[in-house]
Amino acid sequence: MKTVLITGANKGIGLEMVKQHVNRGDKVIAVCRTPSKALQATDAAVVSNVDFLSEDFEKTLLNQIEQISSIPHIDKVIANAGIRDFDNYQDFDVKAIRNQFEVNTIAPLRLIKALDALLTEKTRIILISTRVASHEDNTGGGEYGYRMSKSALNMAGINLSISLRHRGIAVFMLHPGYVRTDLTLGEGLIDANLSAQNIIELSDHLTLNESGSFWHAIERIQLPW
Ligand SMILES: NC(=O)c1ccc[n+]([C@@H]2O[C@H](COP(=O)([O-])OP(=O)(O)OC[C@H]3O[C@@H](n4cnc5c(N)ncnc54)[C@H](OP(=O)(O)O)[C@@H]3O)[C@@H](O)[C@H]2O)c1
C-alpha cells in the first residue's frame with residue numbers, strides 16, 4: 001500500500017485519480033478547498049480548506065495531515081490543482097495572470113517544500129502541467145497567464161528534480177491529455193477516468209534516471225520544452 005497525496009481532489013482529473021488510487025488499496029490524502037459529495041463518498045482522507053491563493057495554506061494542510069494516523073512518509077505527491085483563464089492579447093487581465101501564477105506555479109513549489117519532511121527516497125512528485133506550456137509547440141498563441149504559469153511550473157519541476165535527486169526523489173511534469181472537465185468547459189478528447197488511469201500508470205513506471213522530464217501521459221512520449 002502506497003500513500004499518495006493529490007491536490008485538486010474534489011473534481012475533474014484529481015477526483016478520478018483519488019478514486020483509482022483508493023480502489024487499488026492505496027492510502028490517499030485528498031487535498032481540496034471544499035470536498036464534493038463524490039470525494040466524500042471515497043475512502044480517501046480528506047484535507048479541506050486548502051486554498052492555494054491563501055497566504056498560509058501550508059499551516060492548514062499540515063495541521064490536518066498531522067491528524068491522519070500512520071503517515072510515516074508520502075510515496076507519491078500529485079500537484080494537480082490548476083486554473084485556466086481564456087485570455088488573449090486584447091483582453092488579458094493582469095490580476096488573473098497573477099492568480100494563475102499563484103495557483104499553477106508557486107503553490108506546487110510551496111506544497112513540496114511544506115511536505116519536505118514526509119518525502120523519502122521512494123517519493124515520486126508529479127506536477128500536472130500541460131502541453132500548451134511547451135514553447136516549441138506554441139503555434140496558437142493566447143492564454144497568456146495559463147501558458148506562462150505552466151511553462152514556469154515546468155522550470156520549477158526541473159529545478160526540484162535537481163534539488164531532490166541526491167535524496168532519490170524524482171520529479172515529472174505530465175500533460176494529462178485533452179480532458180473533458182470544468183477547466184475545458186466540457187470540451188476534450190477523453191474523459192477524466194482515462195486520463196487518471198494513464199497518469200497513474202506512467203507515474204508508477206518512470207524512474208529516477210528520467211527525473212526532470214515532461215511527458216504526454218496518454219501518448220507516452222516526451223514533450224518538447
Ligand atoms: N482538462 C484538460 O484538458 C487539461 C489539459 C492540460 C492540463 N490540465 C491540468 O490538469 C489539472 C486538473 O485540471 P482539470 O481539468 O481536472 O480541471 P478542474 O476540473 O477545473 O479541476 C481543477 C481543480 O483545481 C482546484 N483549484 C482551483 N483553484 C484552486 C485554489 N485556489 N486552491 C486550491 N485548489 C484549487 C479546483 O478546486 P475547486 O473546485 O475548489 O475550484 C479543482 O479541484 C490542472 O492543473 C490543469 O491545468 C488539464
# chains A, B, ... in the order shown; residues from 1 in each chain; ligands from 1
$ closest_atom_pairs --of "chain A" --to "ligand 1" --cutoff "7 Å" --atoms "only C-alpha atoms and all ligand atoms" --output "tab-separated table"
residue	atom	partner	partner_atom_place_in_ligand_line	distance
A:Thr7	CA	ligand 1	34 (N)	6.8
A:Gly8	CA	ligand 1	43 (O)	3.2
A:Ala9	CA	ligand 1	43 (O)	5.1
A:Asn10	CA	ligand 1	43 (O)	4.8
A:Lys11	CA	ligand 1	43 (O)	5.0
A:Gly12	CA	ligand 1	16 (O)	3.6
A:Ile13	CA	ligand 1	16 (O)	3.8
A:Gly14	CA	ligand 1	16 (O)	5.7
A:Cys32	CA	ligand 1	34 (N)	5.5
A:Arg33	CA	ligand 1	40 (O)	4.7
A:Thr34	CA	ligand 1	40 (O)	5.7
A:Val50	CA	ligand 1	33 (C)	5.8
A:Asp51	CA	ligand 1	32 (N)	3.6
A:Phe52	CA	ligand 1	32 (N)	3.8
A:Leu53	CA	ligand 1	31 (N)	4.8
A:Asn80	CA	ligand 1	45 (O)	4.6
A:Ala81	CA	ligand 1	24 (O)	3.4
A:Gly82	CA	ligand 1	45 (O)	3.6
A:Ile83	CA	ligand 1	27 (C)	5.2
A:Arg84	CA	ligand 1	47 (O)	6.5
A:Val103	CA	ligand 1	31 (N)	5.7
A:Asn104	CA	ligand 1	45 (O)	6.7
A:Ile128	CA	ligand 1	45 (O)	5.2
A:Ser129	CA	ligand 1	7 (C)	5.5
A:Thr130	CA	ligand 1	6 (C)	4.1
A:Arg131	CA	ligand 1	6 (C)	6.4
A:His175	CA	ligand 1	6 (C)	5.5
A:Pro176	CA	ligand 1	6 (C)	5.4
A:Gly177	CA	ligand 1	5 (C)	5.5
A:Tyr178	CA	ligand 1	3 (O)	3.5
A:Val179	CA	ligand 1	3 (O)	3.6
A:Arg180	CA	ligand 1	1 (N)	5.7
A:Thr181	CA	ligand 1	19 (O)	4.7
A:Asp182	CA	ligand 1	20 (O)	4.5
A:Leu183	CA	ligand 1	20 (O)	3.9
A:Thr184	CA	ligand 1	1 (N)	5.4
A:Gly188	CA	ligand 1	3 (O)	6.0
$ write_last_selection --atoms "N, CA, C and O atoms" --output "short mmCIF file (atom, residue, chain, number, x, y, z; two decimals), in the first residue's frame"
data_model
loop_
_atom_site.label_atom_id
_atom_site.label_comp_id
_atom_site.auth_asym_id
_atom_site.auth_seq_id
_atom_site.Cartn_x
_atom_site.Cartn_y
_atom_site.Cartn_z
N THR A 7 -3.72 16.96 -4.99
CA THR A 7 -4.42 18.24 -4.83
C THR A 7 -5.47 18.39 -5.94
O THR A 7 -5.44 17.68 -6.94
N GLY A 8 -6.38 19.32 -5.73
CA GLY A 8 -7.48 19.48 -6.69
C GLY A 8 -8.33 18.22 -6.73
O GLY A 8 -8.76 17.77 -7.78
N ALA A 9 -8.55 17.65 -5.51
CA ALA A 9 -9.10 16.29 -5.40
C ALA A 9 -10.61 16.23 -5.46
O ALA A 9 -11.18 15.13 -5.48
N ASN A 10 -11.28 17.38 -5.48
CA ASN A 10 -12.73 17.34 -5.36
C ASN A 10 -13.46 17.10 -6.67
O ASN A 10 -14.65 16.77 -6.67
N LYS A 11 -12.77 17.27 -7.80
CA LYS A 11 -13.46 17.07 -9.09
C LYS A 11 -12.45 16.81 -10.20
O LYS A 11 -11.22 16.79 -9.96
N GLY A 12 -12.97 16.62 -11.42
CA GLY A 12 -12.12 16.51 -12.59
C GLY A 12 -11.12 15.37 -12.51
O GLY A 12 -11.39 14.29 -11.97
N ILE A 13 -9.94 15.61 -13.06
CA ILE A 13 -8.89 14.57 -13.13
C ILE A 13 -8.43 14.20 -11.71
O ILE A 13 -8.16 13.03 -11.43
N GLY A 14 -8.37 15.18 -10.82
CA GLY A 14 -7.93 14.92 -9.44
C GLY A 14 -8.83 13.92 -8.75
O GLY A 14 -8.35 12.96 -8.13
N CYS A 32 -8.19 19.61 -0.96
CA CYS A 32 -9.13 20.45 -1.74
C CYS A 32 -9.51 21.69 -0.94
O CYS A 32 -9.13 21.83 0.22
N ARG A 33 -10.28 22.56 -1.60
CA ARG A 33 -10.86 23.68 -0.86
C ARG A 33 -12.13 23.18 -0.17
O ARG A 33 -12.23 23.16 1.03
N THR A 34 -13.08 22.73 -0.98
CA THR A 34 -14.35 22.24 -0.45
C THR A 34 -14.59 20.84 -0.99
O THR A 34 -14.64 20.66 -2.21
N VAL A 50 -7.97 24.09 1.93
CA VAL A 50 -6.62 24.42 1.46
C VAL A 50 -6.77 25.22 0.16
O VAL A 50 -7.02 24.66 -0.91
N ASP A 51 -6.68 26.54 0.31
CA ASP A 51 -6.83 27.43 -0.85
C ASP A 51 -5.45 27.92 -1.27
O ASP A 51 -4.77 28.60 -0.49
N PHE A 52 -5.06 27.57 -2.48
CA PHE A 52 -3.71 27.91 -2.94
C PHE A 52 -3.52 29.40 -3.20
O PHE A 52 -2.42 29.83 -3.52
N LEU A 53 -4.59 30.17 -3.07
CA LEU A 53 -4.45 31.62 -3.17
C LEU A 53 -4.23 32.24 -1.78
O LEU A 53 -4.07 33.45 -1.67
N ASN A 80 -1.94 18.64 -8.72
CA ASN A 80 -2.88 18.61 -9.86
C ASN A 80 -3.73 19.87 -9.95
O ASN A 80 -4.13 20.25 -11.05
N ALA A 81 -4.01 20.54 -8.83
CA ALA A 81 -4.91 21.70 -8.86
C ALA A 81 -4.39 22.74 -9.84
O ALA A 81 -3.18 22.98 -9.92
N GLY A 82 -5.29 23.33 -10.59
CA GLY A 82 -4.87 24.35 -11.54
C GLY A 82 -6.04 25.19 -11.99
O GLY A 82 -7.20 24.79 -11.85
N ILE A 83 -5.73 26.39 -12.49
CA ILE A 83 -6.76 27.25 -13.06
C ILE A 83 -6.32 27.74 -14.43
O ILE A 83 -5.12 27.83 -14.72
N ARG A 84 -7.32 28.05 -15.24
CA ARG A 84 -7.04 28.46 -16.62
C ARG A 84 -7.97 29.60 -17.00
O ARG A 84 -9.19 29.49 -16.83
N VAL A 103 -1.54 29.87 -8.30
CA VAL A 103 -2.11 28.51 -8.17
C VAL A 103 -1.32 27.49 -8.98
O VAL A 103 -1.05 26.38 -8.50
N ASN A 104 -0.95 27.85 -10.20
CA ASN A 104 -0.35 26.86 -11.11
C ASN A 104 1.15 26.68 -10.91
O ASN A 104 1.69 25.62 -11.24
N ILE A 128 1.22 18.30 -12.52
CA ILE A 128 0.33 18.24 -13.69
C ILE A 128 0.49 19.55 -14.46
O ILE A 128 0.06 20.62 -14.03
N SER A 129 1.15 19.41 -15.59
CA SER A 129 1.44 20.54 -16.46
C SER A 129 0.44 20.52 -17.62
O SER A 129 -0.68 20.03 -17.48
N THR A 130 0.85 21.00 -18.75
CA THR A 130 0.01 20.96 -19.95
C THR A 130 0.89 21.12 -21.18
O THR A 130 1.93 21.80 -21.13
N ARG A 131 0.43 20.51 -22.24
CA ARG A 131 1.15 20.63 -23.50
C ARG A 131 1.29 22.08 -23.94
O ARG A 131 2.27 22.45 -24.58
N HIS A 175 1.50 16.03 -19.00
CA HIS A 175 0.30 16.56 -19.67
C HIS A 175 -0.76 15.46 -19.61
O HIS A 175 -0.50 14.33 -20.05
N PRO A 176 -1.95 15.78 -19.08
CA PRO A 176 -2.95 14.73 -18.86
C PRO A 176 -3.81 14.38 -20.07
O PRO A 176 -4.73 13.57 -19.95
N GLY A 177 -3.50 14.97 -21.25
CA GLY A 177 -4.38 14.81 -22.40
C GLY A 177 -5.37 15.96 -22.44
O GLY A 177 -5.35 16.84 -21.56
N TYR A 178 -6.20 15.96 -23.48
CA TYR A 178 -7.26 16.98 -23.60
C TYR A 178 -8.52 16.34 -23.02
O TYR A 178 -9.14 15.48 -23.64
N VAL A 179 -8.85 16.76 -21.81
CA VAL A 179 -9.79 16.01 -20.98
C VAL A 179 -11.07 16.81 -20.72
O VAL A 179 -10.98 17.99 -20.36
N ARG A 180 -12.21 16.15 -20.86
CA ARG A 180 -13.49 16.82 -20.64
C ARG A 180 -13.70 17.08 -19.13
O ARG A 180 -14.05 16.15 -18.39
N THR A 181 -13.43 18.34 -18.73
CA THR A 181 -13.62 18.75 -17.31
C THR A 181 -14.13 20.19 -17.30
O THR A 181 -14.26 20.81 -18.36
N ASP A 182 -14.34 20.72 -16.11
CA ASP A 182 -14.76 22.13 -15.99
C ASP A 182 -13.71 23.06 -16.59
O ASP A 182 -14.04 24.11 -17.14
N LEU A 183 -12.44 22.68 -16.46
CA LEU A 183 -11.34 23.54 -16.95
C LEU A 183 -11.41 23.76 -18.45
O LEU A 183 -10.97 24.78 -18.97
N THR A 184 -11.95 22.77 -19.18
CA THR A 184 -12.06 22.89 -20.64
C THR A 184 -13.50 23.21 -21.05
O THR A 184 -13.84 23.07 -22.23
N GLY A 188 -13.12 18.29 -25.02
CA GLY A 188 -11.98 17.40 -24.85
C GLY A 188 -12.08 16.16 -25.69
O GLY A 188 -13.09 15.93 -26.36
#
$ residues_around --residues "region 116-119 of chain A" --least-positions-apart "6" --cutoff "8 Å" --atoms "only C-alpha atoms" --output "PDB file with C-alpha atoms, in the first residue's frame"
ATOM      1  CA  PRO A  72       5.287   7.929   8.024  1.00  0.00           C
ATOM      2  CA  HIS A  73       6.009   9.269   4.555  1.00  0.00           C
ATOM      3  CA  ILE A  74       4.344  10.048   1.222  1.00  0.00           C
ATOM      4  CA  ASP A  75       5.187   7.828  -1.766  1.00  0.00           C
ATOM      5  CA  ILE A 169      13.264  11.745  -5.152  1.00  0.00           C
TER       6      ILE A 169
END
$ residues_around --residues "region 41-47 of chain A" --least-positions-apart "6" --cutoff "8 Å" --atoms "only C-alpha atoms" --output "JSON, numbers by chain"
{"A": [18, 19, 22, 27, 28, 29, 30, 31, 32, 35, 61, 64, 65, 68]}
$ write_last_selection --atoms "C-alpha atoms" --output "short mmCIF file (atom, residue, chain, number, x, y, z; two decimals), in the first residue's frame"
data_model
loop_
_atom_site.label_atom_id
_atom_site.label_comp_id
_atom_site.auth_asym_id
_atom_site.auth_seq_id
_atom_site.Cartn_x
_atom_site.Cartn_y
_atom_site.Cartn_z
CA VAL A 18 -8.25 9.73 -5.93
CA LYS A 19 -10.83 7.06 -6.80
CA VAL A 22 -8.23 4.21 -3.40
CA LYS A 27 -3.91 5.41 1.28
CA VAL A 28 -4.95 8.71 -0.29
CA ILE A 29 -4.69 12.19 1.18
CA ALA A 30 -7.17 14.20 -0.89
CA VAL A 31 -6.47 17.93 -0.72
CA CYS A 32 -9.13 20.45 -1.74
CA PRO A 35 -14.95 18.48 -0.64
CA LEU A 61 -2.58 21.46 5.18
CA GLN A 64 -4.82 18.23 9.06
CA ILE A 65 -2.16 15.78 7.84
CA ILE A 68 -4.33 11.43 9.95
#
$ atom_distance --atom1 "CA of Ala114 (chain A)" --atom2 "CA of Ala170 (chain A)"
16.8 Å
$ closest_residue --among "A:Ser149, A:Gly140, A:Leu164, A:Met155" --to "Lys113 (chain A)" --atoms "only C-alpha atoms"
A:Leu164
$ closest_residue --among "A:Trp215, A:Phe57, A:Tyr89, A:Trp225" --to "Gly141 (chain A)" --atoms "only C-alpha atoms"
A:Tyr89
$ select_by_dssp --residues "region 126-199 of chain A" --states "strand (DSSP E)" --output "ChimeraX atom specification"
/A:126-128,170-175
$ write_last_selection --atoms "C-alpha atoms" --output "compact mmCIF listing (two decimals), in the first residue's frame"
# COMPACT_ATOMS: atom_id res chain seq x y z
CA ILE A 126 4.08 14.60 -10.31
CA LEU A 127 3.38 18.14 -11.43
CA ILE A 128 0.33 18.24 -13.69
CA ALA A 170 12.12 12.03 -8.77
CA VAL A 171 10.01 14.80 -10.31
CA PHE A 172 7.94 14.60 -13.50
CA MET A 173 5.79 17.06 -15.42
CA LEU A 174 2.83 15.35 -17.11
CA HIS A 175 0.30 16.56 -19.67
$ atom_distance --atom1 "CA of Leu194 (chain A)" --atom2 "CA of Leu5 (chain A)"
19.4 Å
